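Visitor: Mind looking over this structure? Questions follow.
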Amino acid sequence: PTPGAAVVKGAVIYGLNPKTVAARVARRTYGTGVAMAYRPGFHDVKHKYYDEDEQGDWVKKAFSIYVKAGSMVPEARVVSKQLRVGFAAQSSMSVTFYSTPTTNPAHLDEYLVREEGRVVIDVPGRGLNRSVTVVMKFGRTQIQASATNDKGEHIATTLQFAKK
């Protein structure tokens with residue numbers, strides 16, 4: 001048997017009956033860019049800053065993992081995370097989705113991290129107690145990524161599973 005023939009056979013079987021694929025192995029790690037609490041030995045100190053509101057060390061440009069490369073991803077798996085605004089007067093939030101073939105990225109500026117898509121959503125009001133719920137739903141051949149603000153307003157985009 002040749003690898004090429006196996007791929008073609010799999011594509012034909014999938015095309016005839018998509019339900020034959022109940023899960024897939026993620027080729028890349030998928031996530032978003034965030035600010036998060038600093039972890040010594042993991043995060044690069046060049047991204048570290050002191051956050052007055054949190055009273056501690058944080059990092060910017062951190063990679064928040066939703067699914068790791070090499071993990072089994074069942075069809076229709078949903079991963080949801082709550083992201084808070086970064087400052088009191090913030091009127092919108094840009095959520096950028098990233099991927100990398102590495103399994104444990106710390107920062108967005110690491111080698112092989114690439115941008116996959118982006119959504120921008122309004123965050124009405126003022127203050128630091130506002131948030132956006134970010135959801136990644138892993139389907140058969142694509143990823144549905146979305147963000148919903150505290151008022152229920154919703155915006156979505158579609159990302160393709162990496163072929164390599």
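For the structure tokens, the naming scheme is as follows: chains receive sequential letters (A, B, ...) according to their order of presentation, residues are indexed from 1 within each chain, and ligands are indexed from 1 in presentation order.
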Apply DSSP to the backbone of this structure and, from stretch 20-137 of chain A, keep only the residues in strand (DSSP E or B); write these as an NGL selection string.

Guide: :A and (23-25 or 29-37 or 48-51 or 56-67 or 72-74 or 77-84 or 92-100 or 107 or 114-122 or 131-137)

Visitor: Using only C-alpha atoms, I'd like a table of the residues in stretch 36-99 of chain A that come within 8 Å of stretch 22-32 of chain A; for each, show the closest atom pair and its distance in Å rounded to one decimal, ordered by chain and ascending number, as a Markdown table.

Guide:
| residue | atom | partner | partner_atom | distance |
| --- | --- | --- | --- | --- |
| A:Phe63 | CA | A:Thr32 | CA | 5.9 |
| A:Ser64 | CA | A:Thr32 | CA | 5.2 |
| A:Ile65 | CA | A:Gly31 | CA | 4.4 |
| A:Tyr66 | CA | A:Gly31 | CA | 4.9 |
| A:Val67 | CA | A:Tyr30 | CA | 5.3 |
| A:Lys68 | CA | A:Thr29 | CA | 4.2 |
| A:Ala69 | CA | A:Arg28 | CA | 4.2 |
| A:Gly70 | CA | A:Ala26 | CA | 5.3 |
| A:Ser71 | CA | A:Val25 | CA | 5.5 |
| A:Met72 | CA | A:Val25 | CA | 4.5 |
| A:Val73 | CA | A:Arg24 | CA | 5.3 |
| A:Pro74 | CA | A:Ala23 | CA | 4.0 |
| A:Glu75 | CA | A:Ala23 | CA | 5.1 |
| A:Val95 | CA | A:Thr32 | CA | 6.9 |
| A:Thr96 | CA | A:Thr32 | CA | 5.7 |
| A:Phe97 | CA | A:Thr32 | CA | 4.6 |
| A:Tyr98 | CA | A:Gly31 | CA | 5.4 |
| A:Ser99 | CA | A:Tyr30 | CA | 4.5 |

Visitor: Mind checking which residues fall within 12 Å of stretch 44-53 of chain A, counting only C-alpha atoms, ignoring those fewer than 4 positions away in the same chain, and posting them as a PDB file with all heavy atoms, in the first residue's frame?

Guide:
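Everything below was put into part.pdb:
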ATOM      1  N   VAL A  34      -3.530  36.542  24.201  1.00  0.00           N
ATOM      2  CA  VAL A  34      -4.089  37.152  25.416  1.00  0.00           C
ATOM      3  C   VAL A  34      -2.972  37.736  26.275  1.00  0.00           C
ATOM      4  O   VAL A  34      -1.791  37.498  26.037  1.00  0.00           O
ATOM      5  CB  VAL A  34      -4.872  36.123  26.270  1.00  0.00           C
ATOM      6  CG1 VAL A  34      -6.062  35.553  25.509  1.00  0.00           C
ATOM      7  CG2 VAL A  34      -3.963  35.016  26.761  1.00  0.00           C
ATOM      8  N   ALA A  35      -3.382  38.453  27.304  1.00  0.00           N
ATOM      9  CA  ALA A  35      -2.491  38.795  28.418  1.00  0.00           C
ATOM     10  C   ALA A  35      -2.851  37.802  29.518  1.00  0.00           C
ATOM     11  O   ALA A  35      -4.023  37.475  29.701  1.00  0.00           O
ATOM     12  CB  ALA A  35      -2.732  40.220  28.880  1.00  0.00           C
ATOM     13  N   MET A  36      -1.848  37.277  30.221  1.00  0.00           N
ATOM     14  CA  MET A  36      -2.119  36.312  31.294  1.00  0.00           C
ATOM     15  C   MET A  36      -1.060  36.442  32.383  1.00  0.00           C
ATOM     16  O   MET A  36      -0.035  37.094  32.188  1.00  0.00           O
ATOM     17  CB  MET A  36      -2.175  34.880  30.763  1.00  0.00           C
ATOM     18  CG  MET A  36      -0.877  34.334  30.227  1.00  0.00           C
ATOM     19  SD  MET A  36      -0.898  32.559  29.772  1.00  0.00           S
ATOM     20  CE  MET A  36      -2.242  32.421  28.647  1.00  0.00           C
ATOM     21  N   ALA A  37      -1.328  35.806  33.499  1.00  0.00           N
ATOM     22  CA  ALA A  37      -0.390  35.827  34.613  1.00  0.00           C
ATOM     23  C   ALA A  37       0.951  35.250  34.181  1.00  0.00           C
ATOM     24  O   ALA A  37       1.009  34.233  33.483  1.00  0.00           O
ATOM     25  CB  ALA A  37      -0.952  35.054  35.800  1.00  0.00           C
ATOM     26  N   TYR A  38       2.024  35.903  34.590  1.00  0.00           N
ATOM     27  CA  TYR A  38       3.381  35.490  34.249  1.00  0.00           C
ATOM     28  C   TYR A  38       3.756  34.202  34.967  1.00  0.00           C
ATOM     29  O   TYR A  38       3.528  34.057  36.162  1.00  0.00           O
ATOM     30  CB  TYR A  38       4.349  36.615  34.654  1.00  0.00           C
ATOM     31  CG  TYR A  38       5.797  36.267  34.497  1.00  0.00           C
ATOM     32  CD1 TYR A  38       6.372  36.154  33.240  1.00  0.00           C
ATOM     33  CD2 TYR A  38       6.600  36.072  35.615  1.00  0.00           C
ATOM     34  CE1 TYR A  38       7.716  35.839  33.097  1.00  0.00           C
ATOM     35  CE2 TYR A  38       7.942  35.771  35.481  1.00  0.00           C
ATOM     36  CZ  TYR A  38       8.502  35.656  34.222  1.00  0.00           C
ATOM     37  OH  TYR A  38       9.822  35.345  34.092  1.00  0.00           O
ATOM     38  N   ARG A  39       4.312  33.239  34.207  1.00  0.00           N
ATOM     39  CA  ARG A  39       4.812  31.975  34.772  1.00  0.00           C
ATOM     40  C   ARG A  39       6.320  31.930  34.584  1.00  0.00           C
ATOM     41  O   ARG A  39       6.803  31.744  33.459  1.00  0.00           O
ATOM     42  CB  ARG A  39       4.164  30.779  34.068  1.00  0.00           C
ATOM     43  CG  ARG A  39       2.716  30.583  34.449  1.00  0.00           C
ATOM     44  CD  ARG A  39       2.000  29.472  33.689  1.00  0.00           C
ATOM     45  NE  ARG A  39       2.795  28.336  33.315  1.00  0.00           N
ATOM     46  CZ  ARG A  39       2.523  27.549  32.275  1.00  0.00           C
ATOM     47  NH1 ARG A  39       1.465  27.801  31.513  1.00  0.00           N
ATOM     48  NH2 ARG A  39       3.278  26.513  31.993  1.00  0.00           N
ATOM     49  N   PRO A  40       7.080  32.119  35.673  1.00  0.00           N
ATOM     50  CA  PRO A  40       8.548  32.094  35.563  1.00  0.00           C
ATOM     51  C   PRO A  40       9.022  30.759  34.974  1.00  0.00           C
ATOM     52  O   PRO A  40       8.491  29.709  35.289  1.00  0.00           O
ATOM     53  CB  PRO A  40       9.023  32.237  37.013  1.00  0.00           C
ATOM     54  CG  PRO A  40       7.868  32.828  37.746  1.00  0.00           C
ATOM     55  CD  PRO A  40       6.633  32.333  37.049  1.00  0.00           C
ATOM     56  N   ASP A  57       2.604  40.213  38.343  1.00  0.00           N
ATOM     57  CA  ASP A  57       3.285  40.181  37.051  1.00  0.00           C
ATOM     58  C   ASP A  57       2.438  39.447  36.014  1.00  0.00           C
ATOM     59  O   ASP A  57       1.916  38.362  36.281  1.00  0.00           O
ATOM     60  CB  ASP A  57       4.641  39.481  37.186  1.00  0.00           C
ATOM     61  CG  ASP A  57       5.634  40.307  37.987  1.00  0.00           C
ATOM     62  OD1 ASP A  57       5.511  41.549  37.991  1.00  0.00           O
ATOM     63  OD2 ASP A  57       6.528  39.705  38.612  1.00  0.00           O
ATOM     64  N   TRP A  58       2.332  40.040  34.850  1.00  0.00           N
ATOM     65  CA  TRP A  58       1.580  39.485  33.731  1.00  0.00           C
ATOM     66  C   TRP A  58       2.454  39.518  32.493  1.00  0.00           C
ATOM     67  O   TRP A  58       3.501  40.158  32.478  1.00  0.00           O
ATOM     68  CB  TRP A  58       0.297  40.290  33.500  1.00  0.00           C
ATOM     69  CG  TRP A  58      -0.789  39.914  34.461  1.00  0.00           C
ATOM     70  CD1 TRP A  58      -0.727  39.991  35.829  1.00  0.00           C
ATOM     71  CD2 TRP A  58      -2.058  39.378  34.148  1.00  0.00           C
ATOM     72  NE1 TRP A  58      -1.901  39.535  36.369  1.00  0.00           N
ATOM     73  CE2 TRP A  58      -2.736  39.155  35.371  1.00  0.00           C
ATOM     74  CE3 TRP A  58      -2.700  39.058  32.970  1.00  0.00           C
ATOM     75  CZ2 TRP A  58      -4.012  38.630  35.424  1.00  0.00           C
ATOM     76  CZ3 TRP A  58      -3.981  38.555  33.024  1.00  0.00           C
ATOM     77  CH2 TRP A  58      -4.626  38.332  34.244  1.00  0.00           C
ATOM     78  N   VAL A  59       2.018  38.835  31.431  1.00  0.00           N
ATOM     79  CA  VAL A  59       2.700  38.879  30.140  1.00  0.00           C
ATOM     80  C   VAL A  59       1.706  39.264  29.056  1.00  0.00           C
ATOM     81  O   VAL A  59       0.528  38.914  29.119  1.00  0.00           O
ATOM     82  CB  VAL A  59       3.372  37.539  29.765  1.00  0.00           C
ATOM     83  CG1 VAL A  59       4.565  37.267  30.648  1.00  0.00           C
ATOM     84  CG2 VAL A  59       2.402  36.391  29.792  1.00  0.00           C
ATOM     85  N   LYS A  60       2.202  40.002  28.086  1.00  0.00           N
ATOM     86  CA  LYS A  60       1.405  40.321  26.907  1.00  0.00           C
ATOM     87  C   LYS A  60       1.806  39.373  25.792  1.00  0.00           C
ATOM     88  O   LYS A  60       2.825  38.690  25.885  1.00  0.00           O
ATOM     89  CB  LYS A  60       1.616  41.777  26.495  1.00  0.00           C
ATOM     90  CG  LYS A  60       3.056  42.121  26.222  1.00  0.00           C
ATOM     91  CD  LYS A  60       3.260  43.592  25.991  1.00  0.00           C
ATOM     92  CE  LYS A  60       4.761  43.855  25.900  1.00  0.00           C
ATOM     93  NZ  LYS A  60       5.071  45.232  25.835  1.00  0.00           N
ATOM     94  N   LYS A  61       0.999  39.314  24.756  1.00  0.00           N
ATOM     95  CA  LYS A  61       1.271  38.458  23.586  1.00  0.00           C
ATOM     96  C   LYS A  61       1.431  36.992  23.955  1.00  0.00           C
ATOM     97  O   LYS A  61       2.234  36.273  23.368  1.00  0.00           O
ATOM     98  CB  LYS A  61       2.494  38.956  22.820  1.00  0.00           C
ATOM     99  CG  LYS A  61       2.336  40.347  22.255  1.00  0.00           C
ATOM    100  CD  LYS A  61       3.546  40.738  21.453  1.00  0.00           C
ATOM    101  CE  LYS A  61       3.365  42.138  20.887  1.00  0.00           C
ATOM    102  NZ  LYS A  61       4.520  42.545  20.087  1.00  0.00           N
ATOM    103  N   ALA A  62       0.661  36.535  24.936  1.00  0.00           N
ATOM    104  CA  ALA A  62       0.712  35.129  25.340  1.00  0.00           C
ATOM    105  C   ALA A  62      -0.203  34.299  24.445  1.00  0.00           C
ATOM    106  O   ALA A  62      -1.229  34.783  23.965  1.00  0.00           O
ATOM    107  CB  ALA A  62       0.298  34.978  26.797  1.00  0.00           C
ATOM    108  N   PHE A  63       0.141  33.049  24.235  1.00  0.00           N
ATOM    109  CA  PHE A  63      -0.641  32.118  23.424  1.00  0.00           C
ATOM    110  C   PHE A  63      -1.544  31.326  24.363  1.00  0.00           C
ATOM    111  O   PHE A  63      -1.069  30.557  25.185  1.00  0.00           O
ATOM    112  CB  PHE A  63       0.306  31.174  22.671  1.00  0.00           C
ATOM    113  CG  PHE A  63      -0.339  30.420  21.537  1.00  0.00           C
ATOM    114  CD1 PHE A  63       0.055  30.628  20.238  1.00  0.00           C
ATOM    115  CD2 PHE A  63      -1.330  29.473  21.779  1.00  0.00           C
ATOM    116  CE1 PHE A  63      -0.521  29.916  19.187  1.00  0.00           C
ATOM    117  CE2 PHE A  63      -1.912  28.765  20.742  1.00  0.00           C
ATOM    118  CZ  PHE A  63      -1.508  28.995  19.447  1.00  0.00           C
ATOM    119  N   VAL A  85     -11.799  42.670  29.225  1.00  0.00           N
ATOM    120  CA  VAL A  85     -11.209  43.856  28.598  1.00  0.00           C
ATOM    121  C   VAL A  85      -9.893  44.182  29.289  1.00  0.00           C
ATOM    122  O   VAL A  85      -9.686  43.833  30.457  1.00  0.00           O
ATOM    123  CB  VAL A  85     -12.167  45.066  28.646  1.00  0.00           C
ATOM    124  CG1 VAL A  85     -13.414  44.814  27.816  1.00  0.00           C
ATOM    125  CG2 VAL A  85     -12.511  45.440  30.076  1.00  0.00           C
ATOM    126  N   GLY A  86      -9.020  44.866  28.570  1.00  0.00           N
ATOM    127  CA  GLY A  86      -7.714  45.203  29.112  1.00  0.00           C
ATOM    128  C   GLY A  86      -7.654  46.533  29.828  1.00  0.00           C
ATOM    129  O   GLY A  86      -6.784  46.770  30.655  1.00  0.00           O
ATOM    130  N   PHE A  87      -8.613  47.425  29.505  1.00  0.00           N
ATOM    131  CA  PHE A  87      -8.640  48.726  30.175  1.00  0.00           C
ATOM    132  C   PHE A  87     -10.076  49.241  30.228  1.00  0.00           C
ATOM    133  O   PHE A  87     -10.922  48.843  29.419  1.00  0.00           O
ATOM    134  CB  PHE A  87      -7.684  49.731  29.514  1.00  0.00           C
ATOM    135  CG  PHE A  87      -7.860  49.882  28.032  1.00  0.00           C
ATOM    136  CD1 PHE A  87      -8.643  50.900  27.508  1.00  0.00           C
ATOM    137  CD2 PHE A  87      -7.230  49.017  27.148  1.00  0.00           C
ATOM    138  CE1 PHE A  87      -8.806  51.044  26.146  1.00  0.00           C
ATOM    139  CE2 PHE A  87      -7.384  49.153  25.773  1.00  0.00           C
ATOM    140  CZ  PHE A  87      -8.175  50.181  25.274  1.00  0.00           C
ATOM    141  N   ALA A  88     -10.347  50.114  31.178  1.00  0.00           N
ATOM    142  CA  ALA A  88     -11.718  50.543  31.497  1.00  0.00           C
ATOM    143  C   ALA A  88     -12.458  51.201  30.332  1.00  0.00           C
ATOM    144  O   ALA A  88     -13.666  51.029  30.189  1.00  0.00           O
ATOM    145  CB  ALA A  88     -11.704  51.475  32.711  1.00  0.00           C
ATOM    146  N   PRO A 105       3.219  26.404  22.934  1.00  0.00           N
ATOM    147  CA  PRO A 105       3.732  27.751  22.693  1.00  0.00           C
ATOM    148  C   PRO A 105       3.425  28.677  23.869  1.00  0.00           C
ATOM    149  O   PRO A 105       2.384  28.558  24.512  1.00  0.00           O
ATOM    150  CB  PRO A 105       2.964  28.195  21.449  1.00  0.00           C
ATOM    151  CG  PRO A 105       1.678  27.434  21.522  1.00  0.00           C
ATOM    152  CD  PRO A 105       2.043  26.103  22.125  1.00  0.00           C
ATOM    153  N   ALA A 106       4.344  29.582  24.141  1.00  0.00           N
ATOM    154  CA  ALA A 106       4.139  30.550  25.216  1.00  0.00           C
ATOM    155  C   ALA A 106       3.716  31.907  24.674  1.00  0.00           C
ATOM    156  O   ALA A 106       2.897  32.595  25.286  1.00  0.00           O
ATOM    157  CB  ALA A 106       5.421  30.700  26.039  1.00  0.00           C
ATOM    158  N   HIS A 107       4.276  32.288  23.507  1.00  0.00           N
ATOM    159  CA  HIS A 107       4.049  33.640  22.981  1.00  0.00           C
ATOM    160  C   HIS A 107       3.742  33.631  21.487  1.00  0.00           C
ATOM    161  O   HIS A 107       4.124  32.719  20.763  1.00  0.00           O
ATOM    162  CB  HIS A 107       5.275  34.523  23.238  1.00  0.00           C
ATOM    163  CG  HIS A 107       5.579  34.689  24.678  1.00  0.00           C
ATOM    164  ND1 HIS A 107       4.855  35.522  25.493  1.00  0.00           N
ATOM    165  CD2 HIS A 107       6.510  34.111  25.471  1.00  0.00           C
ATOM    166  CE1 HIS A 107       5.338  35.458  26.725  1.00  0.00           C
ATOM    167  NE2 HIS A 107       6.339  34.604  26.735  1.00  0.00           N
ATOM    168  N   LEU A 108       3.079  34.693  21.053  1.00  0.00           N
ATOM    169  CA  LEU A 108       2.668  34.819  19.658  1.00  0.00           C
ATOM    170  C   LEU A 108       3.828  35.093  18.715  1.00  0.00           C
ATOM    171  O   LEU A 108       3.715  34.854  17.514  1.00  0.00           O
ATOM    172  CB  LEU A 108       1.640  35.945  19.521  1.00  0.00           C
ATOM    173  CG  LEU A 108       0.403  35.813  20.400  1.00  0.00           C
ATOM    174  CD1 LEU A 108      -0.499  37.017  20.221  1.00  0.00           C
ATOM    175  CD2 LEU A 108      -0.327  34.522  20.100  1.00  0.00           C
ATOM    176  N   ASP A 109       4.937  35.587  19.237  1.00  0.00           N
ATOM    177  CA  ASP A 109       6.062  35.915  18.373  1.00  0.00           C
ATOM    178  C   ASP A 109       7.062  34.767  18.239  1.00  0.00           C
ATOM    179  O   ASP A 109       8.152  34.942  17.690  1.00  0.00           O
ATOM    180  CB  ASP A 109       6.768  37.187  18.849  1.00  0.00           C
ATOM    181  CG  ASP A 109       7.295  37.089  20.267  1.00  0.00           C
ATOM    182  OD1 ASP A 109       7.100  36.048  20.933  1.00  0.00           O
ATOM    183  OD2 ASP A 109       7.898  38.085  20.726  1.00  0.00           O
ATOM    184  N   GLU A 110       6.684  33.581  18.703  1.00  0.00           N
ATOM    185  CA  GLU A 110       7.559  32.420  18.551  1.00  0.00           C
ATOM    186  C   GLU A 110       7.591  31.982  17.090  1.00  0.00           C
ATOM    187  O   GLU A 110       6.634  32.174  16.342  1.00  0.00           O
ATOM    188  CB  GLU A 110       7.068  31.256  19.425  1.00  0.00           C
ATOM    189  CG  GLU A 110       7.241  31.506  20.892  1.00  0.00           C
ATOM    190  CD  GLU A 110       6.702  30.371  21.757  1.00  0.00           C
ATOM    191  OE1 GLU A 110       6.444  29.268  21.243  1.00  0.00           O
ATOM    192  OE2 GLU A 110       6.541  30.608  22.966  1.00  0.00           O
ATOM    193  N   GLY A 127     -15.437  50.208  32.287  1.00  0.00           N
ATOM    194  CA  GLY A 127     -15.000  49.451  33.446  1.00  0.00           C
ATOM    195  C   GLY A 127     -14.315  48.156  33.065  1.00  0.00           C
ATOM    196  O   GLY A 127     -14.351  47.726  31.910  1.00  0.00           O
ATOM    197  N   LEU A 128     -13.694  47.544  34.061  1.00  0.00           N
ATOM    198  CA  LEU A 128     -12.918  46.327  33.834  1.00  0.00           C
ATOM    199  C   LEU A 128     -13.721  45.044  33.996  1.00  0.00           C
ATOM    200  O   LEU A 128     -13.201  43.960  33.763  1.00  0.00           O
ATOM    201  CB  LEU A 128     -11.714  46.296  34.777  1.00  0.00           C
ATOM    202  CG  LEU A 128     -10.670  47.382  34.533  1.00  0.00           C
ATOM    203  CD1 LEU A 128      -9.629  47.378  35.631  1.00  0.00           C
ATOM    204  CD2 LEU A 128     -10.018  47.201  33.169  1.00  0.00           C
ATOM    205  N   ASN A 129     -14.986  45.149  34.392  1.00  0.00           N
ATOM    206  CA  ASN A 129     -15.783  43.937  34.634  1.00  0.00           C
ATOM    207  C   ASN A 129     -16.555  43.484  33.397  1.00  0.00           C
ATOM    208  O   ASN A 129     -17.528  42.758  33.503  1.00  0.00           O
ATOM    209  CB  ASN A 129     -16.733  44.159  35.814  1.00  0.00           C
ATOM    210  CG  ASN A 129     -17.713  45.294  35.541  1.00  0.00           C
ATOM    211  OD1 ASN A 129     -17.496  46.103  34.650  1.00  0.00           O
ATOM    212  ND2 ASN A 129     -18.779  45.359  36.317  1.00  0.00           N
TER     213      ASN A 129
END

Visitor: Using backbone DSSP assignments, extract all helix (DSSP H, G or I) residues from chain A; output them as number ranges by chain.

Guide: A: 3-16, 18-20, 45-47

Visitor: Would you mind reading off the distance between atom CA of A:Leu159 and atom CA of A:Val119, one decimal, in Å?

Guide: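 According to the coordinates, atom CA of A:Leu159 and atom CA of A:Val119 are separated by 11.4 Å.
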
Visitor: Find the residues near A:Pro124: any atom within 12 Å, counting only C-alpha atoms, skip ones fewer than 6 places away on the same chain, and give them as a list of chain:residue names.

Guide: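 With the cut-off at 12 Å, the set is A:Val85, A:Ala88, A:Ala89, A:Gln90, A:Ser91, A:Ser92, A:Met93, A:Arg130, A:Ser131, A:Val132, A:Thr148, A:Asn149, A:Asp150, A:Lys151, A:Gly152, A:Glu153.
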